[in-house]
Amino acid sequence: MSRFARKFIGSMMISAIILIPILDIFIQFTFDAVRIDTEKSQLWKMIVVVFLSAAVFVFMALFLGRLFTRYFKGREYELSRGSEFGFFRNYVLFAAAVIAADMMYLYKQCKPFFEKEYLDAQMRIKINDFVDEVESAQLTELAKSYEAILDIIFYSVIAACIVEVIILLFSARFLVKSYQSQGSIMLTK
């Protein structure tokens, strides 16, 4: 493995270890703000949160990939000729797998937030002291809304993972061009 590959992979792993937990915490804060109600008003907000978080992850993977590519190439670290596309293709595939795994992890972590909110919404309905038929109808609608939110988040996560894999696969050429266009920034040779 070339020095460029070792330094690039090491820098990306350190960045991922730092950034992924920070981004996950911010995303979980948005899950905590969700209100489950009988009108299903939160569904579109959850789709936006899922796709926005996926976009942030993809942006960070590409931004840091380009930053470290230009930095290490400028410091005279190089890949062997002809292996550039293979190296960056493998990087984006690995980045896509990590991002998809983290999105699925976030989906599993969001369930307790929604379960807590669902129980809270049930208590709000029961406190209103409705007639039994109205209360049971409200609880049934609430259960449907809860299931709809969980379903829409799951399908949004799957769709976001597919979209981000496609975006990252097409970005391998972008990273190769960035690598090839970077000249030396060293003052002496």
# chains A, B, ... in the order shown; residues from 1 in each chain; ligands from 1
$ closest_atom_pairs --of "stretch 41-79 of chain A" --to "stretch 158-174 of chain A" --cutoff "9 Å" --atoms "only C-alpha atoms" --output "tab-separated table"
residue	atom	partner	partner_atom	distance
A:Val50	CA	A:Ala160	CA	7.2
A:Phe51	CA	A:Ala160	CA	5.8
A:Ala54	CA	A:Ala160	CA	6.3
A:Ala55	CA	A:Glu164	CA	7.5
A:Phe57	CA	A:Glu164	CA	8.8
A:Val58	CA	A:Glu164	CA	6.5
A:Ala61	CA	A:Leu168	CA	8.6
A:Leu62	CA	A:Ser171	CA	7.7
A:Arg66	CA	A:Phe174	CA	8.5
$ residues_around --residues "A:Val176" --least-positions-apart "6" --cutoff "7 Å" --atoms "only C-alpha atoms" --output "ChimeraX atom specification"
/A:84-85,88
$ closest_residue --among "A:Val49, A:Met104, A:Leu64, A:Ile125" --to "A:Ala16" --atoms "only C-alpha atoms"
A:Leu64
$ closest_atom_pairs --of "stretch 34-96 of chain A" --to "stretch 3-14 of chain A" --cutoff "10 Å" --atoms "only C-alpha atoms" --output "Markdown table"
| residue | atom | partner | partner_atom | distance |
| --- | --- | --- | --- | --- |
| A:Ala61 | CA | A:Met12 | CA | 8.4 |
| A:Leu64 | CA | A:Met12 | CA | 7.3 |
| A:Gly65 | CA | A:Met12 | CA | 7.4 |
| A:Leu67 | CA | A:Phe8 | CA | 9.9 |
| A:Phe68 | CA | A:Phe8 | CA | 6.2 |
| A:Thr69 | CA | A:Phe8 | CA | 7.0 |
| A:Tyr71 | CA | A:Phe8 | CA | 9.3 |
| A:Phe72 | CA | A:Phe4 | CA | 6.3 |
| A:Lys73 | CA | A:Phe4 | CA | 7.2 |
| A:Arg75 | CA | A:Phe4 | CA | 9.3 |
| A:Glu76 | CA | A:Phe4 | CA | 8.5 |
| A:Tyr77 | CA | A:Phe4 | CA | 4.8 |
| A:Glu78 | CA | A:Phe4 | CA | 5.3 |
| A:Leu79 | CA | A:Phe4 | CA | 6.2 |
| A:Ser80 | CA | A:Phe4 | CA | 9.6 |
| A:Phe87 | CA | A:Ala5 | CA | 8.1 |
| A:Phe88 | CA | A:Ala5 | CA | 9.8 |
| A:Tyr91 | CA | A:Ile9 | CA | 8.4 |
| A:Ala95 | CA | A:Met12 | CA | 9.5 |
$ atom_distance --atom1 "atom CA of A:Leu150" --atom2 "atom CA of A:Gln42"
11.1 Å
$ closest_atom_pairs --of "stretch 71-184 of chain A" --to "stretch 33-39 of chain A" --cutoff "7 Å" --atoms "only C-alpha atoms" --output "Markdown table"
| residue | atom | partner | partner_atom | distance |
| --- | --- | --- | --- | --- |
| A:Glu117 | CA | A:Ile36 | CA | 6.3 |
| A:Tyr118 | CA | A:Ile36 | CA | 6.1 |
| A:Ala121 | CA | A:Ile36 | CA | 6.6 |
| A:Gln138 | CA | A:Thr38 | CA | 6.9 |
| A:Glu141 | CA | A:Thr38 | CA | 5.3 |
| A:Leu142 | CA | A:Thr38 | CA | 4.7 |
| A:Ser145 | CA | A:Thr38 | CA | 5.9 |
| A:Tyr146 | CA | A:Ile36 | CA | 6.6 |
$ write_last_selection --atoms "N, CA and C atoms" --output "compact mmCIF listing (two decimals), in the first residue's frame"
# COMPACT_ATOMS: atom_id res chain seq x y z
N GLU A 117 -42.89 8.96 22.46
CA GLU A 117 -43.85 9.96 21.99
C GLU A 117 -45.22 9.33 21.76
N TYR A 118 -45.26 8.10 21.29
CA TYR A 118 -46.53 7.40 21.09
C TYR A 118 -47.25 7.20 22.43
N ALA A 121 -48.63 10.51 23.53
CA ALA A 121 -49.84 10.88 22.78
C ALA A 121 -51.04 10.07 23.27
N GLN A 138 -59.89 7.55 18.42
CA GLN A 138 -58.68 8.37 18.47
C GLN A 138 -57.43 7.51 18.67
N GLU A 141 -56.63 5.70 15.40
CA GLU A 141 -55.97 6.63 14.46
C GLU A 141 -54.54 6.91 14.89
N LEU A 142 -54.32 7.03 16.18
CA LEU A 142 -52.98 7.28 16.69
C LEU A 142 -52.06 6.10 16.39
N SER A 145 -51.13 6.22 12.79
CA SER A 145 -50.15 7.28 12.57
C SER A 145 -48.76 6.84 13.02
N TYR A 146 -48.69 6.17 14.16
CA TYR A 146 -47.41 5.67 14.67
C TYR A 146 -46.79 4.67 13.71
$ atom_distance --atom1 "atom CA of A:Leu52" --atom2 "atom CA of A:Ile153"
12.7 Å
$ residues_around --residues "A:Gln182" --least-positions-apart "2" --cutoff "6 Å" --atoms "only C-alpha atoms" --output "number ranges by chain"
A: 70, 179-180
$ closest_residue --among "A:Leu139, A:Val48, A:Met1, A:Leu19" --to "A:Ile99" --atoms "only C-alpha atoms"
A:Leu19
$ atom_distance --atom1 "atom CA of A:Gly86" --atom2 "atom CA of A:Ala101"
22.4 Å
$ closest_residue --among "A:Phe130, A:Tyr107, A:Tyr155, A:Trp44" --to "A:Ile27" --atoms "only C-alpha atoms"
A:Tyr107
$ decode --residues "stretch 58-118 of chain A" --atoms "C-alpha atoms" --output "compact mmCIF listing (two decimals), in the first residue's frame"
# COMPACT_ATOMS: atom_id res chain seq x y z
CA VAL A 58 -22.52 12.31 1.50
CA PHE A 59 -21.31 15.92 1.41
CA MET A 60 -18.86 15.28 4.26
CA ALA A 61 -17.55 12.10 2.59
CA LEU A 62 -16.93 13.95 -0.68
CA PHE A 63 -15.62 17.15 0.92
CA LEU A 64 -13.14 15.33 3.15
CA GLY A 65 -12.19 12.95 0.34
CA ARG A 66 -11.34 15.85 -1.94
CA LEU A 67 -9.60 17.78 0.84
CA PHE A 68 -7.35 14.88 1.83
CA THR A 69 -6.75 13.91 -1.82
CA ARG A 70 -5.46 17.35 -2.69
CA TYR A 71 -3.50 17.70 0.54
CA PHE A 72 -1.63 14.39 0.36
CA LYS A 73 -1.05 14.59 -3.40
CA GLY A 74 0.31 18.10 -2.91
CA ARG A 75 2.74 16.71 -0.34
CA GLU A 76 4.21 14.41 -3.01
CA TYR A 77 2.44 11.24 -1.87
CA GLU A 78 1.19 9.34 -4.87
CA LEU A 79 -0.72 6.25 -5.90
CA SER A 80 0.75 3.95 -8.49
CA ARG A 81 -0.27 4.98 -12.01
CA GLY A 82 -3.43 3.26 -13.19
CA SER A 83 -4.69 2.37 -9.71
CA GLU A 84 -6.21 5.78 -9.08
CA PHE A 85 -9.75 4.96 -10.21
CA GLY A 86 -9.72 1.62 -8.38
CA PHE A 87 -8.56 3.24 -5.15
CA PHE A 88 -11.20 5.99 -5.21
CA ARG A 89 -13.90 3.57 -6.36
CA ASN A 90 -13.12 1.40 -3.34
CA TYR A 91 -13.14 4.49 -1.12
CA VAL A 92 -16.60 5.58 -2.26
CA LEU A 93 -17.94 2.03 -1.94
CA PHE A 94 -16.60 1.82 1.60
CA ALA A 95 -17.96 5.29 2.40
CA ALA A 96 -21.38 4.29 1.02
CA ALA A 97 -21.39 1.12 3.14
CA VAL A 98 -20.46 3.06 6.29
CA ILE A 99 -23.10 5.73 5.65
CA ALA A 100 -25.79 3.14 4.91
CA ALA A 101 -24.90 1.19 8.07
CA ASP A 102 -25.05 4.38 10.11
CA MET A 103 -28.44 5.29 8.62
CA MET A 104 -29.80 1.87 9.59
CA TYR A 105 -28.29 2.30 13.05
CA LEU A 106 -30.06 5.66 13.37
CA TYR A 107 -33.32 4.02 12.30
CA LYS A 108 -32.98 1.49 15.10
CA GLN A 109 -32.05 4.24 17.57
CA CYS A 110 -35.06 6.37 16.63
CA LYS A 111 -37.61 3.73 17.63
CA PRO A 112 -37.40 4.45 21.40
CA PHE A 113 -37.95 8.18 20.72
CA PHE A 114 -41.09 7.42 18.75
CA GLU A 115 -42.32 4.83 21.22
CA LYS A 116 -41.99 7.37 24.03
CA GLU A 117 -43.85 9.96 21.99
CA TYR A 118 -46.53 7.40 21.09
